[in-house]
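What follows is a single structure, written as structure tokens, with notes after it.
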Amino acid sequence: MKIEKIYYWPKWFKETLPKNEQAKLKPKLLTALGQGQIYLWRALNIYDDFLDGAGEREKLPLANSYFRHYLEIYYRLDLPPDFYDLFEKVLSDLDRTNERETQEMKLKTKNSRLIIPKKLPSWPNLIKLSRKSLALALGPVALLSTLGNRIKSAKIQTTLSFFRSVLAAKQLADDSQDWLEDLRSGKITAANVLLLKLAKKDKIILNWERRPEIIYLLFAQIAPLLIKNLKGLCLRARGEAKKLGWPENNKLIKEIILPLEKAAKKAAEFKNLLT
């Protein structure tokens, strides 16, 4: 069975720690945390499909099974109480975020015309995009907790800030890639909402059949802001990594941040070719 890259996050995080601390972390713990990452990742992907309206009913029991195995792994680790306080807080916030998503407004189409709501949602703080996936940061935090770091310590809080930036960047990158598909399905995201706001401001009619090119041209106009926002989140993540004293060639940076930065650069180069 394919092992998703998410499995290695705890291992890569371990490699950022001093050698004496690395020696205290047992391989069995890393294996358990890695497996937990996979269970959570698979569960979240299936749940996201349901929230997007594209879920397959037969997969829901599988998602529940994945999530149950994830919880089982963590509750058997016997970590300090303050870790489990954070664990419960992050998972409860995930529940609230998903619940809000089910209540969010949907775009409607009438005679191929996209109906833009009078009031559009906004994302003034893009870091909040990480709330749907912040639980994926709990594996690395569990390692720090095992080593005796308190949850309120600067080291753990900076680590959480790093992962919030990374996960927000990944979500924004996904939303930017799926902007058109999301529009067609009626989903408003942090990426395509910029297009909708621009169309509303300039009183532009969005019609899938009569003038589809208008929609693409509007996206080309908001693309620079999306690229800027993505770069900003990556830069913020790099800043947190620097505070933690990580080397530039750290695997977390090479495998997570660098691909996002390359994607932003490639998108910017493509945009320049069109202008």
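By order of appearance in the structure tokens: chains A, B, ..., then residues from 1 within every chain, and ligands from 1 in the order shown.
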
Residues of range 180-271 of chain A that have any atom at most 12 Å from an atom of range 128-149 of chain A: could you tabulate them with the shortest-distance atom pair and the distance in Å to one decimal, using only C-alpha atoms, ordered by chain and increasing number, as CSV?
```
residue,atom,partner,partner_atom,distance
A:Thr189,CA,A:Leu129,CA,10.0
A:Ala190,CA,A:Leu129,CA,8.4
A:Ala191,CA,A:Leu129,CA,11.2
A:Leu230,CA,A:Leu129,CA,11.8
A:Leu233,CA,A:Leu129,CA,10.8
A:Leu252,CA,A:Pro140,CA,11.0
```

Restricted to C-alpha atoms, what would the selected residues look like written as a CSV table (one decimal), in the first residue's frame?
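Written out: again-v1.csv:
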```csv
chain,number,residue,atom,x,y,z
A,189,THR,CA,-13.2,29.7,-1.3
A,190,ALA,CA,-10.5,32.0,-0.2
A,191,ALA,CA,-9.2,31.9,-3.8
A,230,LEU,CA,0.9,32.1,-1.0
A,233,LEU,CA,2.4,32.3,4.1
A,252,LEU,CA,10.1,19.8,6.2
```

Return as an mmCIF file with C-alpha atoms, in the first residue's frame the full set of residues in range 149-200 of chain A whose backbone-based DSSP assignment is alpha helix (DSSP H).
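Final file, result.cif:
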```
data_model
loop_
_atom_site.group_PDB
_atom_site.id
_atom_site.type_symbol
_atom_site.label_atom_id
_atom_site.label_comp_id
_atom_site.auth_asym_id
_atom_site.auth_seq_id
_atom_site.Cartn_x
_atom_site.Cartn_y
_atom_site.Cartn_z
ATOM 1 C CA ALA A 154 7.812 29.017 23.157
ATOM 2 C CA LYS A 155 9.169 25.982 21.324
ATOM 3 C CA ILE A 156 5.786 24.290 20.930
ATOM 4 C CA GLN A 157 3.927 27.517 20.190
ATOM 5 C CA THR A 158 6.441 28.436 17.478
ATOM 6 C CA THR A 159 6.182 24.908 16.084
ATOM 7 C CA LEU A 160 2.404 25.256 15.920
ATOM 8 C CA SER A 161 2.794 28.623 14.225
ATOM 9 C CA PHE A 162 5.068 27.013 11.623
ATOM 10 C CA PHE A 163 2.525 24.321 10.835
ATOM 11 C CA ARG A 164 -0.377 26.791 10.803
ATOM 12 C CA SER A 165 1.465 28.764 8.117
ATOM 13 C CA VAL A 166 2.353 25.634 6.136
ATOM 14 C CA LEU A 167 -1.136 24.137 6.291
ATOM 15 C CA ALA A 168 -2.762 27.477 5.425
ATOM 16 C CA ALA A 169 -0.429 27.747 2.418
ATOM 17 C CA LYS A 170 -1.318 24.226 1.300
ATOM 18 C CA GLN A 171 -5.038 24.981 1.590
ATOM 19 C CA LEU A 172 -4.694 28.244 -0.337
ATOM 20 C CA ALA A 173 -2.682 26.462 -3.032
ATOM 21 C CA ASP A 174 -5.391 23.792 -3.316
ATOM 22 C CA ASP A 175 -8.139 26.436 -3.490
ATOM 23 C CA SER A 176 -6.199 28.326 -6.163
ATOM 24 C CA GLN A 177 -5.780 25.193 -8.245
ATOM 25 C CA TRP A 179 -10.903 27.687 -8.333
ATOM 26 C CA LEU A 180 -12.909 26.870 -11.451
ATOM 27 C CA GLU A 181 -14.164 23.489 -10.266
ATOM 28 C CA ASP A 182 -15.238 25.084 -6.979
ATOM 29 C CA LEU A 183 -17.100 27.849 -8.805
ATOM 30 C CA ARG A 184 -18.962 25.313 -10.918
ATOM 31 C CA SER A 185 -19.953 23.341 -7.836
ATOM 32 C CA ASN A 192 -12.321 32.274 -5.999
ATOM 33 C CA VAL A 193 -13.978 34.808 -3.673
ATOM 34 C CA LEU A 194 -11.492 37.372 -4.987
ATOM 35 C CA LEU A 195 -12.810 36.785 -8.499
ATOM 36 C CA LEU A 196 -16.403 37.124 -7.304
ATOM 37 C CA LYS A 197 -15.652 40.372 -5.474
ATOM 38 C CA LEU A 198 -13.957 41.814 -8.548
ATOM 39 C CA ALA A 199 -16.907 40.864 -10.759
ATOM 40 C CA LYS A 200 -19.349 42.371 -8.271
#
```

Shell of 9 Å around Trp12 in chain A, only C-alpha atoms, local chain residues under 2 positions omitted, as a PyMOL selection string: chain A and resi 8-10+14-16+140+250-252

Just write the chosen residues, C-alpha atoms, as a PDB file, in the first residue's frame.
```pdb
ATOM      1  CA  TYR A   8       7.134  11.192   7.387  1.00  0.00           C
ATOM      2  CA  TRP A   9       6.258  14.496   9.029  1.00  0.00           C
ATOM      3  CA  PRO A  10       7.110  13.310  12.581  1.00  0.00           C
ATOM      4  CA  LYS A  14      12.659  14.746  14.669  1.00  0.00           C
ATOM      5  CA  GLU A  15      15.603  15.554  12.395  1.00  0.00           C
ATOM      6  CA  THR A  16      15.261  19.255  13.303  1.00  0.00           C
ATOM      7  CA  PRO A 140       5.414  16.666  15.669  1.00  0.00           C
ATOM      8  CA  ASN A 250      15.633  20.525   6.556  1.00  0.00           C
ATOM      9  CA  LYS A 251      13.271  17.959   5.048  1.00  0.00           C
ATOM     10  CA  LEU A 252      10.123  19.779   6.183  1.00  0.00           C
TER      11      LEU A 252
END
```

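Secondary structure by DSSP on the backbone puts the following residues of range 53-224 of chain A in strand (DSSP E or B): A:Lys108, A:Thr109, A:Lys110, A:Arg113, A:Leu114, A:Ile115, A:Asn207.
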
Interatomic distance (Å, one decimal) between CA of Ile151 in chain A and CA of Cys234 in chain A: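 For CA of Ile151 in chain A relative to CA of Cys234 in chain A, the distance reads 23.8 Å.
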